[in-house]
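Read through the structure below, which is laid out as structure tokens, and then see the notes.
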Amino acid sequence: MSVTSTATSLDLPVVDWLDPAELARDPYPSYRRLRAEAPVAWSPAVRKVLISSFEGCSVGERHPEIFSSNVAGGTMVRALGGRPLIRKDDPDHAAERAPMNRALRPKQIMDVWAEKFEANARRHLDRMLASGNGTADLNTDYAVPVAARNLCDMVGMSGVDPTDLARWSKDFIAGTGNVLDRQDIWDRCDRSRAECDAALDETIARLRRRPDASITSMLLEGGMDEDKVRNNVKLTISGGMNEPQHMVTNMVRLLERSPAQKAEVLSDAGLWKQVFGEAVRYFSPIGMVTRQTAAAVELHGATIPEGTQVGMILASANRDAARFTDPDVFNIHRPAGTNLAFGSGVHQCAGKWAVQKAIGEIAVPLLYRELPGLQLDPSRTETWDGWVFRGLTSLPVTW
Ligand code: HEM
């Protein structure tokens, strides 16, 4: 990589064949073609310069002084009603990230959250068993309620109905992805934001009186302005729900199609962390993160001008053969922690340890412990959606 001092005109390969509808069906063939033909390219359909190689995305993640998070305008700021830390650079970002880390570091996960994650997973497994008649949709009947209730607890909103929180999260994400500026999406998003803000009125007042270990409480304790607290809690609600939910179904889907590896982890519980780490590489729930160049930069022989919006396709980077042997093979014995599913550098996911514990070590292992006959239901089809945020919208199972 080299940084040039003058901006150039947009003189980059153009990938006019790239089709967002096709990406939502199955993005991986298009990602393979992007990496092979143009790992840095302008996409008229996405209206961004796309970086699809592992090397390119790593450079972007590790050079925030060039790949700035302070993206101009943008749907996320509109959706959440303000700019959260993921859309800021240091030192502003670091000041807001520090109190969030206090709520989510590994010791807090062990001391505070693990017990709640266990109780939540148990509660929703029992409900699924009571109503399921030996069959369920693992997404709606288990993954969604477990992820929503865990998140209610982590943001200090245990009194909120998890169904409401799940809906807010969905609407914030739809708003963040509303690049076509559809009014019906803004209407839904605005309604959910108003409901979430009303719940935050109560939550913030309570936590000021009686602080606890939640993310919201830690943000308040740090003396942060209330507007910033709200922006960051809404970011956490939008980002902390979908991806853990998708990891429940991704892990089960992958294990069920890899019987030998499933047998291994069922006889050695120490392997669950590796199953989680490989599943998050193989089906990365966050497909792309956005940056804006603060200087012209040369990458893979192409020059991206200053002020360009860039999409770093982490899900593609995680299937790059230049980085991973047999990248399209699910292999739990790969070296841990080498992929970009959680980003890397200063914006690396704040909830990484929480989700690894909540889903990778608690919710999915519990399923297999309690339901030894768990299997995919061959009589019903699974469905997927999305590419910027991608996951199973239905995973029929039986036991
Ligand atoms: C499997 C589940 C998850 C995945 C794959 C995931 C992935 C990511 C990614 C890719 C980023 C952006 C990194 C970048 O821009 O460089 C991110 C940021 C973030 N995530 Fe997660 N995430 C997950 C779960 C969670 C959970 C459960 C929470 C909170 C409880 C959370 C909170 C955050 C926050 C606050 C940020 C912004 C960090 C910053 O800008 O400093 N995430 N996550």
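Starting from 1 in every chain, residues are counted up; chains themselves are A, B, ... following the order of the structure tokens, and ligands are numbered from 1 as listed.
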Neighbour list for Leu371 of chain A as a PyMOL selection string, cut-off 12 Å, only C-alpha atoms, skip fewer than 4 positions in-chain: chain A and resi 125-126+128-129+134-135+266+364-367+375+397-399
Include N, CA, C and O atoms and write out the residues we just selected as a JSON list (two decimals), in the first residue's frame.
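File written: part_14.json
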```
[["chain", "number", "residue", "atom", "x", "y", "z"],
["A", 125, "LEU", "N", -34.99, -22.61, 25.23],
["A", 125, "LEU", "CA", -34.97, -24.01, 24.80],
["A", 125, "LEU", "C", -36.20, -24.72, 25.37],
["A", 125, "LEU", "O", -36.90, -25.45, 24.65],
["A", 126, "ASP", "N", -36.48, -24.47, 26.65],
["A", 126, "ASP", "CA", -37.65, -25.10, 27.27],
["A", 126, "ASP", "C", -38.93, -24.71, 26.52],
["A", 126, "ASP", "O", -39.79, -25.53, 26.27],
["A", 128, "MET", "N", -39.19, -23.79, 23.40],
["A", 128, "MET", "CA", -39.21, -24.43, 22.08],
["A", 128, "MET", "C", -39.64, -25.89, 22.23],
["A", 128, "MET", "O", -40.44, -26.39, 21.44],
["A", 129, "LEU", "N", -39.12, -26.54, 23.26],
["A", 129, "LEU", "CA", -39.47, -27.96, 23.46],
["A", 129, "LEU", "C", -40.95, -28.10, 23.79],
["A", 129, "LEU", "O", -41.61, -29.03, 23.31],
["A", 134, "GLY", "N", -41.42, -31.69, 18.55],
["A", 134, "GLY", "CA", -40.33, -32.36, 17.85],
["A", 134, "GLY", "C", -39.89, -31.67, 16.57],
["A", 134, "GLY", "O", -39.08, -32.19, 15.81],
["A", 135, "THR", "N", -40.40, -30.48, 16.35],
["A", 135, "THR", "CA", -40.01, -29.75, 15.14],
["A", 135, "THR", "C", -40.08, -28.25, 15.42],
["A", 135, "THR", "O", -40.89, -27.80, 16.22],
["A", 266, "LEU", "N", -18.92, -33.04, 19.71],
["A", 266, "LEU", "CA", -19.81, -33.63, 20.71],
["A", 266, "LEU", "C", -19.03, -34.52, 21.69],
["A", 266, "LEU", "O", -19.47, -34.75, 22.80],
["A", 364, "VAL", "N", -25.56, -22.80, 21.64],
["A", 364, "VAL", "CA", -25.52, -23.92, 20.69],
["A", 364, "VAL", "C", -25.11, -25.22, 21.40],
["A", 364, "VAL", "O", -25.77, -26.26, 21.21],
["A", 365, "PRO", "N", -24.07, -25.22, 22.25],
["A", 365, "PRO", "CA", -23.78, -26.47, 22.97],
["A", 365, "PRO", "C", -24.97, -26.98, 23.78],
["A", 365, "PRO", "O", -25.22, -28.19, 23.83],
["A", 366, "LEU", "N", -25.74, -26.06, 24.39],
["A", 366, "LEU", "CA", -26.92, -26.49, 25.16],
["A", 366, "LEU", "C", -27.91, -27.24, 24.27],
["A", 366, "LEU", "O", -28.46, -28.28, 24.65],
["A", 367, "LEU", "N", -28.13, -26.71, 23.08],
["A", 367, "LEU", "CA", -29.03, -27.38, 22.12],
["A", 367, "LEU", "C", -28.62, -28.83, 21.91],
["A", 367, "LEU", "O", -29.45, -29.73, 21.95],
["A", 375, "GLN", "N", -31.57, -32.47, 14.17],
["A", 375, "GLN", "CA", -31.09, -32.52, 12.78],
["A", 375, "GLN", "C", -31.88, -31.56, 11.91],
["A", 375, "GLN", "O", -32.96, -31.11, 12.29],
["A", 397, "VAL", "N", -35.79, -27.51, 11.77],
["A", 397, "VAL", "CA", -35.08, -28.63, 12.40],
["A", 397, "VAL", "C", -36.10, -29.60, 13.01],
["A", 397, "VAL", "O", -37.26, -29.23, 13.25],
["A", 398, "THR", "N", -35.63, -30.81, 13.27],
["A", 398, "THR", "CA", -36.43, -31.78, 14.03],
["A", 398, "THR", "C", -35.52, -32.40, 15.09],
["A", 398, "THR", "O", -34.30, -32.24, 15.05],
["A", 399, "TRP", "N", -36.11, -33.10, 16.06],
["A", 399, "TRP", "CA", -35.29, -33.83, 17.04],
["A", 399, "TRP", "C", -36.03, -35.04, 17.55],
["A", 399, "TRP", "O", -37.22, -35.20, 17.27]]
```
Per residue of chain A within 8 Å of ligand 1, which atom pair is closest and at what distance in Å (one decimal), using only C-alpha atoms and all ligand atoms, listed by chain and increasing number, as a tab-separated table?
```
residue	atom	partner	partner_atom_place_in_ligand_line	distance
A:Glu61	CA	ligand 1	16 (O)	5.7
A:Ser69	CA	ligand 1	15 (O)	7.8
A:Pro84	CA	ligand 1	40 (O)	8.0
A:Leu85	CA	ligand 1	40 (O)	5.2
A:Ile86	CA	ligand 1	40 (O)	3.3
A:Arg87	CA	ligand 1	40 (O)	6.8
A:Lys88	CA	ligand 1	40 (O)	7.5
A:His93	CA	ligand 1	41 (O)	6.7
A:Ala94	CA	ligand 1	41 (O)	7.5
A:Arg97	CA	ligand 1	41 (O)	5.7
A:Met100	CA	ligand 1	35 (C)	7.2
A:Leu104	CA	ligand 1	30 (C)	7.4
A:Leu151	CA	ligand 1	30 (C)	6.4
A:Met154	CA	ligand 1	30 (C)	6.5
A:Val155	CA	ligand 1	30 (C)	7.7
A:Asn232	CA	ligand 1	35 (C)	7.0
A:Leu235	CA	ligand 1	35 (C)	6.5
A:Thr236	CA	ligand 1	29 (C)	5.2
A:Ile237	CA	ligand 1	29 (C)	7.4
A:Gly239	CA	ligand 1	42 (N)	5.4
A:Gly240	CA	ligand 1	26 (C)	3.6
A:Met241	CA	ligand 1	27 (C)	6.4
A:Asn242	CA	ligand 1	2 (C)	7.6
A:Glu243	CA	ligand 1	2 (C)	4.1
A:Pro244	CA	ligand 1	2 (C)	4.5
A:Gln245	CA	ligand 1	2 (C)	7.9
A:His246	CA	ligand 1	1 (C)	7.3
A:Met247	CA	ligand 1	1 (C)	5.8
A:Val280	CA	ligand 1	5 (C)	6.4
A:Ser284	CA	ligand 1	5 (C)	6.1
A:Pro285	CA	ligand 1	5 (C)	5.1
A:Ile286	CA	ligand 1	10 (C)	5.4
A:Gly287	CA	ligand 1	10 (C)	7.7
A:Met288	CA	ligand 1	10 (C)	7.4
A:Val289	CA	ligand 1	15 (O)	5.4
A:Thr290	CA	ligand 1	15 (O)	7.1
A:Leu314	CA	ligand 1	10 (C)	7.3
A:Leu340	CA	ligand 1	10 (C)	7.3
A:Ala341	CA	ligand 1	5 (C)	5.3
A:Phe342	CA	ligand 1	10 (C)	4.0
A:Gly343	CA	ligand 1	16 (O)	4.0
A:Ser344	CA	ligand 1	16 (O)	5.6
A:Gly345	CA	ligand 1	16 (O)	6.8
A:Val346	CA	ligand 1	41 (O)	6.0
A:His347	CA	ligand 1	41 (O)	3.6
A:Gln348	CA	ligand 1	13 (C)	4.5
A:Cys349	CA	ligand 1	18 (C)	3.6
A:Ala350	CA	ligand 1	33 (C)	4.5
A:Gly351	CA	ligand 1	28 (C)	3.5
A:Lys352	CA	ligand 1	24 (C)	5.7
A:Ala354	CA	ligand 1	27 (C)	5.9
A:Val355	CA	ligand 1	27 (C)	5.0
A:Gln356	CA	ligand 1	1 (C)	7.3
```
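Reported to one decimal place, the separation of atom CA of Val229 of chain A from atom CA of Arg105 of chain A is 18.6 Å.
Minimum distance to Gly301 of chain A across A:Val40, A:Ala24, A:Ala143, A:Val14 (counting only C-alpha atoms) occurs at A:Val40.
One finds atom CA of Gln292 of chain A at 15.1 Å from atom CA of Ser58 of chain A.
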Separation of atom CA of Gly391 of chain A from atom CA of Val144 of chain A in Å: 11.8 Å
Per-residue DSSP, segment 33-188 of chain A, filtered to alpha helix (DSSP H), as an MDAnalysis selection string: chainID A and resid 33:37 54:62 75:80 92:104 106:108 114:132 138 144:154 162:176 183:188
May I have the selected residues written with C-alpha atoms, as a tab-separated table (two decimals), in the first residue's frame?
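What follows is the written file out.tsv:
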```
chain	number	residue	atom	x	y	z
A	33	ARG	CA	-15.00	-13.25	-9.19
A	34	LEU	CA	-14.31	-9.86	-7.55
A	35	ARG	CA	-11.16	-11.17	-5.85
A	36	ALA	CA	-9.92	-12.78	-9.05
A	37	GLU	CA	-10.71	-9.95	-11.47
A	54	PHE	CA	-8.04	-10.28	2.68
A	55	GLU	CA	-4.95	-8.15	2.24
A	56	GLY	CA	-6.93	-5.10	1.10
A	57	CYS	CA	-9.48	-5.35	3.91
A	58	SER	CA	-6.70	-5.84	6.48
A	59	VAL	CA	-4.93	-2.72	5.24
A	60	GLY	CA	-8.21	-0.79	5.48
A	61	GLU	CA	-8.89	-2.01	9.01
A	62	ARG	CA	-5.39	-1.22	10.22
A	75	THR	CA	-27.87	6.19	6.43
A	76	MET	CA	-26.65	4.89	9.79
A	77	VAL	CA	-26.56	8.35	11.36
A	78	ARG	CA	-30.02	9.06	9.95
A	79	ALA	CA	-31.34	5.68	11.18
A	80	LEU	CA	-30.03	5.99	14.73
A	92	ASP	CA	-13.42	10.75	19.73
A	93	HIS	CA	-14.02	7.07	19.02
A	94	ALA	CA	-11.61	5.89	21.73
A	95	ALA	CA	-13.28	8.07	24.37
A	96	GLU	CA	-16.64	6.39	23.70
A	97	ARG	CA	-15.20	2.91	23.24
A	98	ALA	CA	-13.41	2.78	26.63
A	99	PRO	CA	-16.58	2.68	28.80
A	100	MET	CA	-18.17	0.20	26.42
A	101	ASN	CA	-15.17	-2.10	26.81
A	102	ARG	CA	-15.62	-2.02	30.58
A	103	ALA	CA	-19.01	-3.70	30.17
A	104	LEU	CA	-17.84	-6.29	27.64
A	106	PRO	CA	-13.77	-11.16	29.11
A	107	LYS	CA	-13.78	-10.91	32.93
A	108	GLN	CA	-17.19	-9.18	32.91
A	114	ALA	CA	-22.37	-15.92	31.44
A	115	GLU	CA	-24.95	-16.82	34.09
A	116	LYS	CA	-27.62	-14.70	32.39
A	117	PHE	CA	-26.75	-16.13	28.98
A	118	GLU	CA	-27.21	-19.66	30.43
A	119	ALA	CA	-30.56	-18.79	31.97
A	120	ASN	CA	-31.81	-17.15	28.77
A	121	ALA	CA	-30.76	-20.06	26.56
A	122	ARG	CA	-32.35	-22.57	28.96
A	123	ARG	CA	-35.61	-20.60	29.13
A	124	HIS	CA	-36.05	-20.42	25.36
A	125	LEU	CA	-34.97	-24.01	24.80
A	126	ASP	CA	-37.65	-25.10	27.27
A	127	ARG	CA	-40.22	-22.98	25.42
A	128	MET	CA	-39.21	-24.43	22.08
A	129	LEU	CA	-39.47	-27.96	23.46
A	130	ALA	CA	-42.87	-27.26	25.01
A	131	SER	CA	-44.38	-25.89	21.83
A	132	GLY	CA	-42.35	-27.60	19.15
A	138	LEU	CA	-34.49	-22.75	14.84
A	144	VAL	CA	-34.16	-14.72	17.77
A	145	PRO	CA	-35.51	-14.85	21.36
A	146	VAL	CA	-32.18	-15.93	22.86
A	147	ALA	CA	-30.25	-13.15	21.08
A	148	ALA	CA	-32.92	-10.56	21.95
A	149	ARG	CA	-33.11	-11.44	25.63
A	150	ASN	CA	-29.31	-11.49	25.99
A	151	LEU	CA	-29.19	-8.06	24.42
A	152	CYS	CA	-31.97	-6.67	26.63
A	153	ASP	CA	-29.86	-7.71	29.63
A	154	MET	CA	-26.59	-6.34	28.24
A	162	PRO	CA	-37.44	-8.85	23.69
A	163	THR	CA	-39.85	-8.95	20.74
A	164	ASP	CA	-39.87	-5.14	20.73
A	165	LEU	CA	-36.09	-4.97	20.95
A	166	ALA	CA	-35.77	-7.44	18.07
A	167	ARG	CA	-38.11	-5.29	15.96
A	168	TRP	CA	-36.17	-2.09	16.77
A	169	SER	CA	-32.96	-3.83	15.80
A	170	LYS	CA	-34.43	-4.98	12.48
A	171	ASP	CA	-35.77	-1.51	11.70
A	172	PHE	CA	-32.46	0.21	12.59
A	173	ILE	CA	-30.64	-2.21	10.30
A	174	ALA	CA	-33.17	-1.63	7.51
A	175	GLY	CA	-32.63	2.13	7.95
A	176	THR	CA	-28.85	1.72	7.92
A	183	GLN	CA	-39.86	6.39	2.84
A	184	ASP	CA	-41.65	3.29	4.20
A	185	ILE	CA	-38.32	2.08	5.65
A	186	TRP	CA	-37.66	5.49	7.26
A	187	ASP	CA	-41.18	5.48	8.72
A	188	ARG	CA	-40.63	2.10	10.37
```
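Minimum atom-to-atom distances from A:Asp326, A:Asp212, A:Asp137, A:Asp90 to Leu374 of chain A were compared using only C-alpha atoms, and the lowest value belongs to A:Asp137.
Distances here use only C-alpha atoms; by that measure, the residue among A:Ile362, A:Ala72, A:Ala21, A:Met312 closest to Trp387 of chain A is A:Ala21.
Using only C-alpha atoms for every distance, the candidate list A:Leu219, A:Asn178, A:Ser238, A:Met157 yields A:Ser238 as the residue closest to Ser192 of chain A.
Shortest atom-to-atom contact with Val49 of chain A among A:Ala205, A:Ile304, A:Leu18, A:Cys196: A:Ile304, counting only C-alpha atoms.
Checking A:Arg25, A:Arg47, A:Arg32, A:Arg380 one by one against Gln309 of chain A, counting only C-alpha atoms, you find the shortest gap at A:Arg47.
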